[in-house]
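Visitor: For reference, the file my_file14.cif (mmCIF, C-alpha atoms) is included below:
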```
data_data
#
loop_
_atom_site.label_atom_id
_atom_site.label_comp_id
_atom_site.auth_asym_id
_atom_site.auth_seq_id
_atom_site.Cartn_x
_atom_site.Cartn_y
_atom_site.Cartn_z
CA MET A 1 32.41 -62.02 -120.89
CA THR A 2 32.44 -62.79 -117.16
CA THR A 3 30.46 -66.02 -117.53
CA PRO A 4 30.62 -68.66 -120.26
CA PRO A 5 28.16 -67.87 -123.07
CA THR A 6 25.25 -70.12 -123.94
CA ALA A 7 23.03 -70.42 -126.99
CA THR A 8 20.50 -68.11 -125.31
CA THR A 9 22.88 -65.50 -123.86
CA VAL A 10 25.03 -64.63 -126.86
CA PRO A 11 23.79 -61.63 -128.88
CA PHE A 12 21.18 -62.53 -131.45
CA VAL A 13 22.67 -61.37 -134.74
CA GLY A 14 22.68 -62.30 -138.40
CA ARG A 15 19.05 -63.40 -138.59
CA GLU A 16 17.34 -60.08 -139.33
CA SER A 17 15.58 -61.20 -142.52
CA GLU A 18 14.28 -64.39 -140.88
CA VAL A 19 12.95 -62.51 -137.86
CA PHE A 20 11.30 -60.00 -140.20
CA ARG A 21 9.48 -62.82 -142.02
CA LEU A 22 8.31 -64.35 -138.76
CA GLY A 23 7.15 -60.95 -137.54
CA ALA A 24 5.13 -60.56 -140.73
CA ALA A 25 3.59 -63.99 -140.21
CA TRP A 26 2.64 -63.09 -136.64
CA GLY A 27 1.14 -59.81 -137.84
CA ALA A 28 -0.95 -61.69 -140.41
CA ALA A 29 -2.11 -64.15 -137.76
CA THR A 30 -3.23 -61.34 -135.46
CA ARG A 31 -5.41 -60.12 -138.33
CA GLY A 32 -7.12 -63.49 -138.74
CA ARG A 33 -4.88 -65.10 -141.34
CA PRO A 34 -3.63 -68.36 -139.79
CA THR A 35 -0.18 -69.37 -140.94
CA LEU A 36 2.16 -72.35 -140.59
CA VAL A 37 5.87 -71.52 -140.75
CA VAL A 38 8.43 -74.33 -140.85
CA ILE A 39 11.96 -73.35 -139.86
CA ALA A 40 14.27 -75.85 -141.54
CA GLY A 41 17.99 -76.40 -141.24
CA GLU A 42 20.75 -78.69 -140.04
CA ALA A 43 21.31 -79.51 -136.39
CA GLY A 44 22.67 -76.62 -134.34
CA ILE A 45 22.03 -73.99 -136.98
CA GLY A 46 19.79 -71.93 -134.67
CA LYS A 47 16.24 -73.02 -135.50
CA THR A 48 15.05 -73.01 -131.89
CA ARG A 49 16.68 -69.64 -131.18
CA VAL A 50 14.95 -68.07 -134.19
CA ALA A 51 11.62 -69.55 -133.10
CA ALA A 52 12.20 -68.07 -129.64
CA GLU A 53 12.21 -64.60 -131.20
CA THR A 54 8.65 -65.23 -132.35
CA VAL A 55 7.74 -66.24 -128.80
CA ARG A 56 9.23 -62.98 -127.53
CA LEU A 57 7.25 -60.99 -130.11
CA ALA A 58 3.99 -62.79 -129.27
CA ASN A 59 4.48 -62.23 -125.53
CA ASP A 60 5.28 -58.56 -126.10
CA THR A 61 2.16 -58.01 -128.18
CA GLY A 62 -0.42 -59.73 -125.98
CA GLY A 63 -0.45 -63.14 -127.60
CA THR A 64 -1.00 -66.54 -125.99
CA VAL A 65 1.94 -68.89 -126.42
CA LEU A 66 1.70 -72.68 -126.38
CA SER A 67 4.81 -74.76 -126.96
CA ALA A 68 6.09 -78.33 -126.87
CA ARG A 69 8.80 -80.54 -128.30
CA CYS A 70 8.11 -83.56 -130.46
CA GLN A 71 9.83 -86.49 -128.77
CA GLU A 72 11.26 -89.62 -130.31
CA ALA A 73 9.34 -92.85 -129.78
CA GLU A 74 5.95 -91.23 -129.25
CA ARG A 75 4.09 -92.20 -132.40
CA SER A 76 1.75 -94.35 -130.35
CA LEU A 77 0.54 -91.25 -128.47
CA LEU A 78 -2.00 -89.39 -130.61
CA LEU A 79 -1.11 -85.71 -131.18
CA GLN A 80 1.22 -85.86 -128.17
CA PRO A 81 3.15 -82.56 -128.52
CA VAL A 82 0.04 -80.50 -129.25
CA LEU A 83 -1.86 -82.14 -126.41
CA GLU A 84 1.04 -81.47 -124.03
CA ALA A 85 0.97 -77.80 -125.00
CA ILE A 86 -2.80 -77.65 -124.46
CA GLU A 87 -2.51 -79.52 -121.15
CA ARG A 88 -0.02 -77.00 -119.75
CA HIS A 89 -2.16 -74.06 -120.79
CA ALA A 90 -5.43 -75.64 -119.68
CA ALA A 91 -4.01 -76.15 -116.19
CA GLN A 92 -3.84 -72.37 -115.82
CA LEU A 93 -7.45 -71.71 -116.83
CA PRO A 94 -10.52 -71.36 -114.56
CA PRO A 95 -12.98 -74.26 -115.00
CA ASP A 96 -15.69 -72.09 -116.57
CA VAL A 97 -13.25 -70.74 -119.16
CA LEU A 98 -11.98 -74.23 -119.92
CA ARG A 99 -15.53 -75.50 -120.34
CA ARG A 100 -16.31 -72.67 -122.77
CA LEU A 101 -13.17 -73.28 -124.81
CA ALA A 102 -13.85 -77.02 -125.03
CA GLY A 103 -17.27 -76.27 -126.48
CA GLN A 104 -19.29 -78.93 -128.24
CA ARG A 105 -16.28 -81.24 -128.50
CA ALA A 106 -15.73 -81.37 -124.74
CA ALA A 107 -16.08 -85.17 -124.62
CA ALA A 108 -13.43 -85.73 -127.28
CA LEU A 109 -11.08 -83.18 -125.71
CA ALA A 110 -11.57 -84.65 -122.24
CA ALA A 111 -10.59 -88.07 -123.59
CA LEU A 112 -7.38 -86.61 -125.03
CA VAL A 113 -6.26 -84.18 -122.31
CA PRO A 114 -6.27 -85.57 -118.74
CA HIS A 115 -6.61 -82.16 -117.05
CA VAL A 116 -9.64 -81.29 -119.16
CA GLY A 117 -11.23 -84.61 -118.20
CA SER A 118 -10.55 -84.04 -114.49
CA VAL A 119 -12.09 -80.55 -114.59
CA LEU A 120 -15.10 -81.27 -116.78
CA GLY A 121 -15.83 -84.67 -115.26
CA PRO A 122 -17.60 -87.49 -117.12
CA VAL A 123 -18.99 -86.27 -120.43
CA LEU A 124 -21.62 -88.24 -122.33
CA THR A 125 -20.23 -89.79 -125.50
CA THR A 126 -21.97 -91.38 -128.46
CA PRO A 127 -20.63 -94.63 -129.98
CA ALA A 128 -18.94 -93.98 -133.32
CA SER A 129 -16.64 -95.63 -135.84
CA ARG A 130 -12.86 -95.29 -135.65
CA THR A 131 -12.88 -92.83 -138.56
CA VAL A 132 -15.52 -90.64 -136.93
CA ARG A 133 -13.74 -90.69 -133.55
CA ARG A 134 -10.45 -89.74 -135.21
CA HIS A 135 -12.18 -86.85 -136.95
CA LEU A 136 -13.79 -85.72 -133.69
CA ALA A 137 -10.42 -85.81 -131.93
CA GLN A 138 -8.88 -83.54 -134.55
CA GLU A 139 -11.90 -81.25 -134.41
CA ALA A 140 -11.65 -81.05 -130.62
CA VAL A 141 -8.03 -79.91 -130.76
CA THR A 142 -8.46 -77.44 -133.61
CA GLY A 143 -11.69 -76.18 -132.03
CA PHE A 144 -9.90 -75.50 -128.74
CA LEU A 145 -7.13 -73.59 -130.51
CA HIS A 146 -9.65 -71.59 -132.52
CA ALA A 147 -11.71 -70.76 -129.42
CA LEU A 148 -8.55 -69.70 -127.59
CA ALA A 149 -7.62 -67.45 -130.51
CA GLU A 150 -10.95 -65.65 -130.29
CA HIS A 151 -9.77 -64.12 -127.02
CA GLN A 152 -6.11 -63.49 -127.92
CA PRO A 153 -3.91 -64.30 -130.91
CA VAL A 154 -2.26 -67.69 -130.40
CA LEU A 155 1.27 -68.83 -131.20
CA LEU A 156 1.86 -72.58 -131.16
CA VAL A 157 5.55 -73.56 -131.30
CA LEU A 158 6.52 -77.18 -131.98
CA ASP A 159 10.21 -77.99 -131.78
CA ASP A 160 11.77 -80.99 -133.57
CA LEU A 161 8.82 -81.66 -135.85
CA HIS A 162 10.94 -84.28 -137.64
CA ASN A 163 10.10 -86.53 -134.67
CA ALA A 164 6.36 -85.94 -135.03
CA SER A 165 3.80 -88.63 -135.72
CA ASP A 166 1.74 -88.64 -138.89
CA ALA A 167 -1.31 -87.64 -136.83
CA THR A 168 0.44 -84.48 -135.65
CA VAL A 169 1.53 -83.58 -139.17
CA GLN A 170 -2.01 -84.04 -140.48
CA LEU A 171 -3.35 -81.84 -137.68
CA LEU A 172 -0.98 -79.07 -138.76
CA ARG A 173 -2.23 -79.40 -142.32
CA ALA A 174 -5.77 -78.91 -141.08
CA VAL A 175 -4.76 -75.89 -139.01
CA ALA A 176 -2.91 -74.34 -141.94
CA ARG A 177 -5.96 -74.71 -144.16
CA SER A 178 -8.34 -73.05 -141.71
CA THR A 179 -9.50 -69.48 -142.24
CA GLY A 180 -10.31 -66.49 -140.06
CA THR A 181 -8.34 -67.74 -137.03
CA ARG A 182 -5.75 -65.65 -135.19
CA LEU A 183 -3.26 -68.49 -135.03
CA LEU A 184 0.39 -68.87 -136.02
CA VAL A 185 2.13 -72.24 -135.86
CA VAL A 186 5.93 -72.23 -135.93
CA ALA A 187 7.67 -75.60 -136.22
CA THR A 188 11.35 -76.46 -136.39
CA VAL A 189 12.55 -79.32 -138.58
CA ARG A 190 15.99 -80.82 -139.02
CA THR A 191 16.43 -81.16 -142.78
CA THR A 192 18.53 -84.32 -142.61
CA GLU A 193 15.77 -86.24 -140.84
CA GLY A 194 12.64 -84.32 -141.73
CA ALA A 195 12.37 -84.79 -145.49
CA ALA A 196 9.05 -86.63 -145.21
CA VAL A 197 7.57 -83.99 -142.90
CA LEU A 198 8.77 -81.14 -145.11
CA GLU A 199 7.25 -82.82 -148.15
CA ALA A 200 3.94 -83.47 -146.37
CA LEU A 201 3.63 -79.79 -145.43
CA ALA A 202 5.15 -78.26 -148.57
CA ASP A 203 1.84 -77.10 -150.04
CA VAL A 204 0.47 -75.52 -146.84
CA ALA A 205 3.52 -74.16 -145.00
CA ASN A 206 5.82 -71.20 -145.44
CA ARG A 207 9.31 -72.67 -145.31
CA LEU A 208 12.12 -70.68 -143.73
CA ASP A 209 15.56 -72.18 -144.39
CA LEU A 210 18.44 -71.32 -142.07
CA GLY A 211 22.08 -71.40 -143.11
CA PRO A 212 25.33 -70.42 -141.39
CA LEU A 213 25.70 -66.95 -139.89
CA PRO A 214 27.28 -64.36 -142.22
CA PRO A 215 30.95 -63.45 -141.53
CA ALA A 216 30.08 -60.02 -140.12
CA ALA A 217 27.78 -61.60 -137.54
CA VAL A 218 30.48 -64.06 -136.47
CA THR A 219 32.98 -61.25 -136.10
CA ARG A 220 30.57 -59.29 -133.95
CA LEU A 221 29.87 -62.28 -131.66
CA VAL A 222 33.54 -63.05 -131.15
CA THR A 223 34.50 -59.40 -130.67
CA GLU A 224 31.77 -58.76 -128.10
CA ALA A 225 32.94 -61.87 -126.23
CA GLY A 226 36.38 -60.28 -125.92
CA TRP A 227 38.29 -62.34 -128.47
CA ALA A 228 38.54 -59.94 -131.42
CA ASP A 229 42.03 -61.19 -132.29
CA LEU A 230 40.60 -64.66 -132.90
CA ALA A 231 37.63 -63.55 -135.02
CA GLY A 232 39.15 -64.69 -138.30
CA GLU A 233 40.15 -68.09 -136.95
CA VAL A 234 36.70 -68.64 -135.42
CA ARG A 235 35.04 -67.73 -138.72
CA ASP A 236 37.26 -70.17 -140.61
CA ARG A 237 37.00 -73.06 -138.14
CA THR A 238 33.26 -72.83 -137.42
CA GLY A 239 32.04 -71.95 -140.89
CA GLY A 240 29.46 -69.69 -139.26
CA HIS A 241 27.75 -72.60 -137.48
CA PRO A 242 26.04 -70.96 -134.47
CA LEU A 243 26.39 -73.85 -132.02
CA PHE A 244 30.05 -74.34 -132.87
CA ILE A 245 30.62 -70.61 -132.33
CA VAL A 246 28.95 -70.75 -128.90
CA GLU A 247 30.95 -73.83 -127.91
CA THR A 248 34.17 -72.17 -129.07
CA LEU A 249 33.45 -69.09 -126.96
CA ARG A 250 32.62 -71.29 -123.98
CA ASP A 251 35.88 -73.15 -124.40
CA LEU A 252 37.86 -69.91 -124.57
CA ALA A 253 36.05 -68.53 -121.51
CA ALA A 254 36.89 -71.71 -119.61
CA GLY A 255 40.62 -71.23 -120.25
CA GLY A 256 41.06 -72.92 -123.61
CA THR A 257 44.26 -71.97 -125.36
CA GLY A 258 42.90 -71.81 -128.88
CA VAL A 259 39.95 -72.42 -131.18
CA PRO A 260 38.84 -76.10 -131.06
CA ASP A 261 39.28 -78.07 -134.27
CA SER A 262 35.67 -79.21 -134.28
CA LEU A 263 32.38 -78.94 -132.44
CA GLU A 264 32.95 -82.47 -131.16
CA ALA A 265 36.31 -81.49 -129.67
CA ALA A 266 34.77 -78.50 -127.90
CA LEU A 267 31.95 -80.57 -126.41
CA LEU A 268 34.17 -83.46 -125.36
CA GLY A 269 36.59 -81.09 -123.68
CA ARG A 270 33.74 -79.72 -121.57
CA LEU A 271 32.50 -83.22 -120.80
CA ARG A 272 35.89 -84.44 -119.59
CA ARG A 273 36.36 -81.44 -117.33
CA LEU A 274 33.38 -82.70 -115.32
CA GLY A 275 35.34 -85.73 -114.13
CA THR A 276 35.08 -89.42 -114.93
CA ASP A 277 32.10 -90.17 -112.66
CA THR A 278 29.87 -87.43 -114.06
CA GLU A 279 31.05 -88.26 -117.59
CA ARG A 280 30.00 -91.90 -117.06
CA VAL A 281 26.55 -90.85 -115.88
CA LEU A 282 26.09 -88.43 -118.76
CA ARG A 283 27.13 -91.04 -121.30
CA ALA A 284 24.49 -93.37 -119.89
CA ALA A 285 21.96 -90.54 -120.07
CA SER A 286 22.69 -90.09 -123.77
CA VAL A 287 21.37 -93.60 -124.40
CA LEU A 288 17.98 -92.61 -122.93
CA GLY A 289 17.47 -89.80 -125.46
CA MET A 290 17.12 -86.03 -125.30
CA THR A 291 15.06 -86.01 -122.10
CA VAL A 292 16.66 -87.31 -118.93
CA ASP A 293 14.49 -88.58 -116.08
CA PRO A 294 16.77 -88.67 -113.00
CA ALA A 295 14.91 -91.62 -111.45
CA THR A 296 15.28 -93.75 -114.59
CA LEU A 297 18.89 -92.66 -115.01
CA ALA A 298 19.69 -93.60 -111.38
CA ARG A 299 18.42 -97.11 -112.00
CA LEU A 300 20.28 -97.29 -115.29
CA VAL A 301 23.65 -96.47 -113.68
CA ASP A 302 22.85 -98.22 -110.39
CA LEU A 303 23.41 -95.15 -108.21
CA PRO A 304 21.28 -93.52 -105.49
CA LEU A 305 18.89 -90.91 -106.86
CA GLN A 306 20.51 -88.06 -104.93
CA GLN A 307 23.97 -88.94 -106.21
CA THR A 308 22.66 -89.15 -109.76
CA ALA A 309 20.98 -85.76 -109.36
CA THR A 310 24.30 -84.29 -108.19
CA HIS A 311 25.97 -85.47 -111.39
CA CYS A 312 23.11 -84.00 -113.43
CA GLU A 313 23.47 -80.68 -111.63
CA ALA A 314 27.17 -80.65 -112.48
CA ALA A 315 26.31 -81.18 -116.15
CA LEU A 316 23.68 -78.46 -115.83
CA SER A 317 26.28 -76.01 -114.49
CA ALA A 318 28.56 -76.92 -117.38
CA GLY A 319 25.81 -76.19 -119.88
CA LEU A 320 25.55 -79.74 -121.18
CA LEU A 321 22.08 -80.23 -119.68
CA THR A 322 19.21 -77.81 -119.18
CA ALA A 323 16.44 -77.93 -116.60
CA ALA A 324 13.11 -79.32 -117.84
CA ASP A 325 9.77 -80.36 -116.38
CA GLY A 326 10.49 -83.20 -113.99
CA GLY A 327 14.12 -83.60 -114.99
CA TYR A 328 16.66 -82.46 -117.54
CA ASP A 329 17.16 -82.15 -121.28
CA PHE A 330 20.41 -82.22 -123.15
CA ALA A 331 21.27 -78.63 -124.01
CA HIS A 332 21.09 -79.47 -127.68
CA ASP A 333 20.48 -82.59 -129.71
CA LEU A 334 24.02 -82.35 -131.07
CA VAL A 335 25.37 -82.42 -127.52
CA ARG A 336 23.54 -85.65 -126.90
CA GLU A 337 24.61 -87.11 -130.26
CA VAL A 338 28.30 -86.36 -129.67
CA VAL A 339 28.21 -87.89 -126.19
CA TYR A 340 26.38 -90.96 -127.49
CA ALA A 341 28.57 -91.46 -130.57
CA THR A 342 31.80 -91.26 -128.57
CA THR A 343 30.64 -93.73 -125.93
CA PRO A 344 32.29 -97.14 -126.50
CA ALA A 345 29.95 -99.59 -128.22
CA PRO A 346 30.09 -102.21 -125.41
CA ALA A 347 29.04 -99.61 -122.84
CA ARG A 348 26.21 -98.41 -125.09
CA ALA A 349 24.99 -101.98 -125.51
CA VAL A 350 24.88 -102.55 -121.75
CA HIS A 351 22.89 -99.34 -121.27
CA HIS A 352 20.48 -100.17 -124.10
CA LEU A 353 19.78 -103.60 -122.63
CA ARG A 354 19.12 -102.16 -119.19
CA ALA A 355 17.01 -99.33 -120.64
CA ALA A 356 14.85 -101.85 -122.49
CA GLU A 357 14.10 -103.49 -119.15
CA LEU A 358 13.41 -100.21 -117.36
CA LEU A 359 11.15 -98.82 -120.09
CA ASP A 360 8.90 -101.82 -120.56
CA HIS A 361 5.95 -99.53 -119.70
CA ARG A 362 6.81 -97.43 -122.77
CA PRO A 363 6.75 -100.10 -125.48
CA GLU A 364 7.87 -97.93 -128.40
CA ALA A 365 10.92 -96.68 -126.50
CA MET A 366 11.61 -100.18 -125.22
CA ALA A 367 11.53 -101.52 -128.77
CA ALA A 368 14.03 -98.92 -129.96
CA HIS A 369 16.49 -99.90 -127.21
CA ALA A 370 16.05 -103.59 -127.98
CA ALA A 371 16.58 -102.98 -131.70
CA ALA A 372 19.78 -101.03 -130.94
CA VAL A 373 21.37 -104.23 -129.63
CA GLY A 374 19.75 -106.61 -132.12
CA ASP A 375 17.19 -108.12 -129.75
CA TRP A 376 14.62 -108.34 -132.53
CA SER A 377 12.12 -110.54 -130.70
CA ARG A 378 11.83 -108.03 -127.86
CA ALA A 379 11.72 -105.17 -130.35
CA ALA A 380 8.89 -106.88 -132.25
CA ARG A 381 6.88 -107.32 -129.07
CA GLY A 382 7.40 -103.69 -128.14
CA TRP A 383 6.33 -102.37 -131.53
CA LEU A 384 3.30 -104.69 -131.48
CA ARG A 385 2.19 -103.19 -128.17
CA ALA A 386 2.91 -99.67 -129.39
CA GLY A 387 0.94 -100.32 -132.56
CA ASP A 388 -2.02 -101.54 -130.54
CA GLU A 389 -1.80 -98.42 -128.37
CA ALA A 390 -1.65 -96.14 -131.41
CA ALA A 391 -4.70 -97.89 -132.88
CA ARG A 392 -6.58 -97.53 -129.60
CA ARG A 393 -5.76 -93.81 -129.60
CA LEU A 394 -6.96 -93.53 -133.23
CA ALA A 395 -3.50 -92.72 -134.66
CA THR A 396 -4.14 -95.11 -137.53
CA ALA A 397 -1.27 -94.20 -139.87
CA ASP A 398 1.20 -94.36 -136.99
CA ALA A 399 -0.26 -97.67 -135.86
CA GLU A 400 0.31 -99.06 -139.36
CA ALA A 401 3.93 -97.92 -139.30
CA LEU A 402 4.53 -99.47 -135.87
CA LEU A 403 2.89 -102.77 -136.77
CA THR A 404 4.92 -102.88 -139.99
CA GLN A 405 8.08 -102.38 -137.94
CA ALA A 406 6.95 -105.16 -135.63
CA GLY A 407 6.55 -107.54 -138.56
CA GLU A 408 9.99 -106.65 -139.96
CA ALA A 409 11.61 -107.13 -136.54
CA ALA A 410 9.87 -110.49 -136.14
CA ARG A 411 11.20 -111.61 -139.53
CA ARG A 412 14.71 -110.61 -138.51
CA ALA A 413 14.27 -112.62 -135.33
CA GLY A 414 13.00 -115.62 -137.28
CA HIS A 415 9.87 -115.62 -135.09
CA ALA A 416 7.04 -116.75 -137.35
CA GLY A 417 4.42 -116.46 -134.61
CA LEU A 418 5.19 -112.81 -133.88
CA GLU A 419 5.29 -112.03 -137.58
CA ALA A 420 1.85 -113.59 -138.09
CA ARG A 421 0.43 -111.60 -135.15
CA ALA A 422 1.76 -108.38 -136.63
CA GLU A 423 0.31 -109.13 -140.06
CA THR A 424 -3.06 -110.12 -138.58
CA ARG A 425 -3.33 -106.91 -136.58
CA LEU A 426 -2.25 -104.85 -139.57
CA ARG A 427 -4.98 -106.39 -141.74
CA LYS A 428 -7.55 -105.87 -139.01
CA LEU A 429 -6.54 -102.24 -138.66
CA ARG A 430 -6.79 -101.59 -142.38
CA ASP A 431 -10.15 -103.36 -142.62
CA SER A 432 -11.56 -101.27 -139.80
CA GLY A 433 -10.88 -98.06 -141.71
#
```
Just give me the structure as C-alpha cells.

Guide:
Amino acid sequence: MTTPPTATTVPFVGRESEVFRLGAAWGAATRGRPTLVVIAGEAGIGKTRVAAETVRLANDTGGTVLSARCQEAERSLLLQPVLEAIERHAAQLPPDVLRRLAGQRAAALAALVPHVGSVLGPVLTTPASRTVRRHLAQEAVTGFLHALAEHQPVLLVLDDLHNASDATVQLLRAVARSTGTRLLVVATVRTTEGAAVLEALADVANRLDLGPLPPAAVTRLVTEAGWADLAGEVRDRTGGHPLFIVETLRDLAAGGTGVPDSLEAALLGRLRRLGTDTERVLRAASVLGMTVDPATLARLVDLPLQQTATHCEAALSAGLLTAADGGYDFAHDLVREVVYATTPAPARAVHHLRAAELLDHRPEAMAAHAAAVGDWSRAARGWLRAGDEAARRLATADAEALLTQAGEAARRAGHAGLEARAETRLRKLRDSG
C-alpha cells in the first residue's frame, strides 16, 4: 500500500454472513417490518465497520439514514443520541415538510429538538403530569421516525449503545415493537460494558455477535497490503482482531521492522512518533473522553487554541484522531483507552481536576472527573444537578440512577447534608411518578 491503512480503507472481508443478515433485515424493513439489530462484540472487533455496510446498502437503495453515537455522561439528556440524529436531519428539511413530519406531537418534538422549535415557533401546550409528558415525548420521537419512513425507508444507526441512557433503551424497545413501519435500527454494543442493555433488549432485538476474523480473511488483508511473508505471524499475534491487524499494517507501512507484540505496542509506537509535545496534548485529551473539543483541550493544557489545533491535526494525520462535528474524536475507543491507561497517574489526576473545573456547565461529566480523583463532595454536587436535569427532561429512570450516585458519593465524602438532599429529591421523584 502507498499510504498507511485505516479501519475504513482496508478491504472489508470475513464478514459475509453478518452483512447478509443485515441486508435481510434492511429488506424486511423496506417491506414494512421494523427491526432492531444489535451488533455485539468486544472493543475493536469491527462493530462500527459492519454497521457502516448497512449504511452503504441503505444509501444505495434510496433509504434515509440517521446516525449518532451514544456518549458517556449524557444520562441527564433525554434521548440524546436519537434527538441528535433527528436534529441533523431536520436541519436539511424545508419548514413545511418538517411541520408535516412533526404532526400532532409538534409541541413535544419542538421542546426536545431545538431546530424544530426554531422552525415551528411557539406551539400551544397543555399542562400534563410527568408520566403523560414522558409518554408524549416518546410518541413525538417515534411519530417523527414513522412519518419519515412513510416517504422513504429509514435506517437509524446508534453507535456505542452501552453508553445509552435508560430512556434511549426504552425508546428502542417501543420502536422494535411497532408494526407496519419501514424502519431498521442498528445499534452497536460492547459486550464487556453492555450486559444490562443487551438484557433489556433481548426479547425485542436480533442480536448479531462478532468474533475475530477467520484466518483466510487475515491472510488476504496482509497479502493485499504487501506483506504476504508475514501473514502467518500476523494471524498468530493478532488472533484475527481487526483493529490489531489494521494497527499492525500501519506500523509496517510506517517502517516498522516486525509485527508488534500487542495492540498497545502498535498504538504507543505511533503516539511516540508524533513527538513529546503532541503526545502530551493527546494524553490530556484522553482524559476528556472520546470526543475532543479543541477549545476545552486548549484550556486544559494551557496552550493557545491554534497551537492545540496544530497538535490535533498532527494526531489526525497519524490516524489517532478523526474529524468530527466541531472538533475531533479518537479514532477508536481502544485508542483512547490505551493512551489514557498509559498516562502516569499523577498527570491524569491533574487533568481530571482541571477538567472538573472546566466542565462545571456539564454536571454529569464534571462529577465523573471529580470522582476519578476522589473528590466525592464535588462529585455528589454534580450528580445532584445532573439528576435534577434528568428529572426536568422527564428521564425518570436515569434521574433515579444519578440521584442514587449522588447519595453514594455524599456518603463517601461524609457529607450528611448532601446525602439528605439526594435522598429527599429521590423520594420526591418517586412520589411524583

Visitor: Write out as a PyMOL selection string each polymer residue whose atoms come within 6 Å of stretch 59-63 of chain A, counting all atoms listed in the file; drop sequence neighbours fewer than 3 positions from it.

Guide: chain A and resi 56+152-154

Visitor: To verify the selection step, state as a CSV table (one decimal) with C-alpha atoms, in the coordinates of the input which residues the PyMOL selection byres ((chain A and resi 417-429) around 12) yields on this input.

Guide:
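Here's the written file result-v9.csv:
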```csv
chain,number,residue,atom,x,y,z
A,130,ARG,CA,-12.9,-95.3,-135.6
A,131,THR,CA,-12.9,-92.8,-138.6
A,376,TRP,CA,14.6,-108.3,-132.5
A,377,SER,CA,12.1,-110.5,-130.7
A,378,ARG,CA,11.8,-108.0,-127.9
A,379,ALA,CA,11.7,-105.2,-130.4
A,380,ALA,CA,8.9,-106.9,-132.2
A,381,ARG,CA,6.9,-107.3,-129.1
A,382,GLY,CA,7.4,-103.7,-128.1
A,383,TRP,CA,6.3,-102.4,-131.5
A,384,LEU,CA,3.3,-104.7,-131.5
A,385,ARG,CA,2.2,-103.2,-128.2
A,386,ALA,CA,2.9,-99.7,-129.4
A,387,GLY,CA,0.9,-100.3,-132.6
A,388,ASP,CA,-2.0,-101.5,-130.5
A,389,GLU,CA,-1.8,-98.4,-128.4
A,390,ALA,CA,-1.6,-96.1,-131.4
A,391,ALA,CA,-4.7,-97.9,-132.9
A,392,ARG,CA,-6.6,-97.5,-129.6
A,394,LEU,CA,-7.0,-93.5,-133.2
A,395,ALA,CA,-3.5,-92.7,-134.7
A,396,THR,CA,-4.1,-95.1,-137.5
A,397,ALA,CA,-1.3,-94.2,-139.9
A,398,ASP,CA,1.2,-94.4,-137.0
A,399,ALA,CA,-0.3,-97.7,-135.9
A,400,GLU,CA,0.3,-99.1,-139.4
A,401,ALA,CA,3.9,-97.9,-139.3
A,402,LEU,CA,4.5,-99.5,-135.9
A,403,LEU,CA,2.9,-102.8,-136.8
A,404,THR,CA,4.9,-102.9,-140.0
A,405,GLN,CA,8.1,-102.4,-137.9
A,406,ALA,CA,7.0,-105.2,-135.6
A,407,GLY,CA,6.6,-107.5,-138.6
A,408,GLU,CA,10.0,-106.6,-140.0
A,409,ALA,CA,11.6,-107.1,-136.5
A,410,ALA,CA,9.9,-110.5,-136.1
A,411,ARG,CA,11.2,-111.6,-139.5
A,412,ARG,CA,14.7,-110.6,-138.5
A,413,ALA,CA,14.3,-112.6,-135.3
A,414,GLY,CA,13.0,-115.6,-137.3
A,415,HIS,CA,9.9,-115.6,-135.1
A,416,ALA,CA,7.0,-116.8,-137.4
A,430,ARG,CA,-6.8,-101.6,-142.4
A,431,ASP,CA,-10.2,-103.4,-142.6
A,432,SER,CA,-11.6,-101.3,-139.8
A,433,GLY,CA,-10.9,-98.1,-141.7
```

Visitor: Give as a PDB file with C-alpha atoms, keeping the file's coordinate frame each residue that has an atom at most 12 Å from (37.0, -80.0, -119.8) in the file, counting all atoms listed in the file.

Guide:
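Contents of the output file out28.pdb:
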```
ATOM      1  CA  GLU A 247      30.950 -73.830-127.910  1.00  0.00           C
ATOM      2  CA  ARG A 250      32.620 -71.290-123.980  1.00  0.00           C
ATOM      3  CA  ASP A 251      35.880 -73.150-124.400  1.00  0.00           C
ATOM      4  CA  LEU A 252      37.860 -69.910-124.570  1.00  0.00           C
ATOM      5  CA  ALA A 253      36.050 -68.530-121.510  1.00  0.00           C
ATOM      6  CA  ALA A 254      36.890 -71.710-119.610  1.00  0.00           C
ATOM      7  CA  GLY A 255      40.620 -71.230-120.250  1.00  0.00           C
ATOM      8  CA  GLY A 256      41.060 -72.920-123.610  1.00  0.00           C
ATOM      9  CA  ALA A 265      36.310 -81.490-129.670  1.00  0.00           C
ATOM     10  CA  ALA A 266      34.770 -78.500-127.900  1.00  0.00           C
ATOM     11  CA  LEU A 267      31.950 -80.570-126.410  1.00  0.00           C
ATOM     12  CA  LEU A 268      34.170 -83.460-125.360  1.00  0.00           C
ATOM     13  CA  GLY A 269      36.590 -81.090-123.680  1.00  0.00           C
ATOM     14  CA  ARG A 270      33.740 -79.720-121.570  1.00  0.00           C
ATOM     15  CA  LEU A 271      32.500 -83.220-120.800  1.00  0.00           C
ATOM     16  CA  ARG A 272      35.890 -84.440-119.590  1.00  0.00           C
ATOM     17  CA  ARG A 273      36.360 -81.440-117.330  1.00  0.00           C
ATOM     18  CA  LEU A 274      33.380 -82.700-115.320  1.00  0.00           C
ATOM     19  CA  GLY A 275      35.340 -85.730-114.130  1.00  0.00           C
ATOM     20  CA  THR A 276      35.080 -89.420-114.930  1.00  0.00           C
ATOM     21  CA  THR A 278      29.870 -87.430-114.060  1.00  0.00           C
ATOM     22  CA  GLU A 279      31.050 -88.260-117.590  1.00  0.00           C
ATOM     23  CA  ALA A 315      26.310 -81.180-116.150  1.00  0.00           C
ATOM     24  CA  ALA A 318      28.560 -76.920-117.380  1.00  0.00           C
ATOM     25  CA  GLY A 319      25.810 -76.190-119.880  1.00  0.00           C
ATOM     26  CA  LEU A 320      25.550 -79.740-121.180  1.00  0.00           C
TER      27      LEU A 320
END
```

Visitor: Mind pulling up the distance from atom CA of A:Thr192 to atom CA of A:Leu213?

Guide: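 Atom-to-atom, atom CA of A:Leu213 and atom CA of A:Thr192 are spaced 19.0 Å apart.
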
Visitor: Determine, counting only C-alpha atoms, which protein, DNA and RNA residues have an atom within 8 Å of an atom of A:Val259; residues of the same chain fewer than 6 positions away are not included. Present the result as a list in words.

Guide: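 Here the answer would be Leu230, Glu233, Val234, Arg237, Thr248, Asp251 and Leu252 of chain A.
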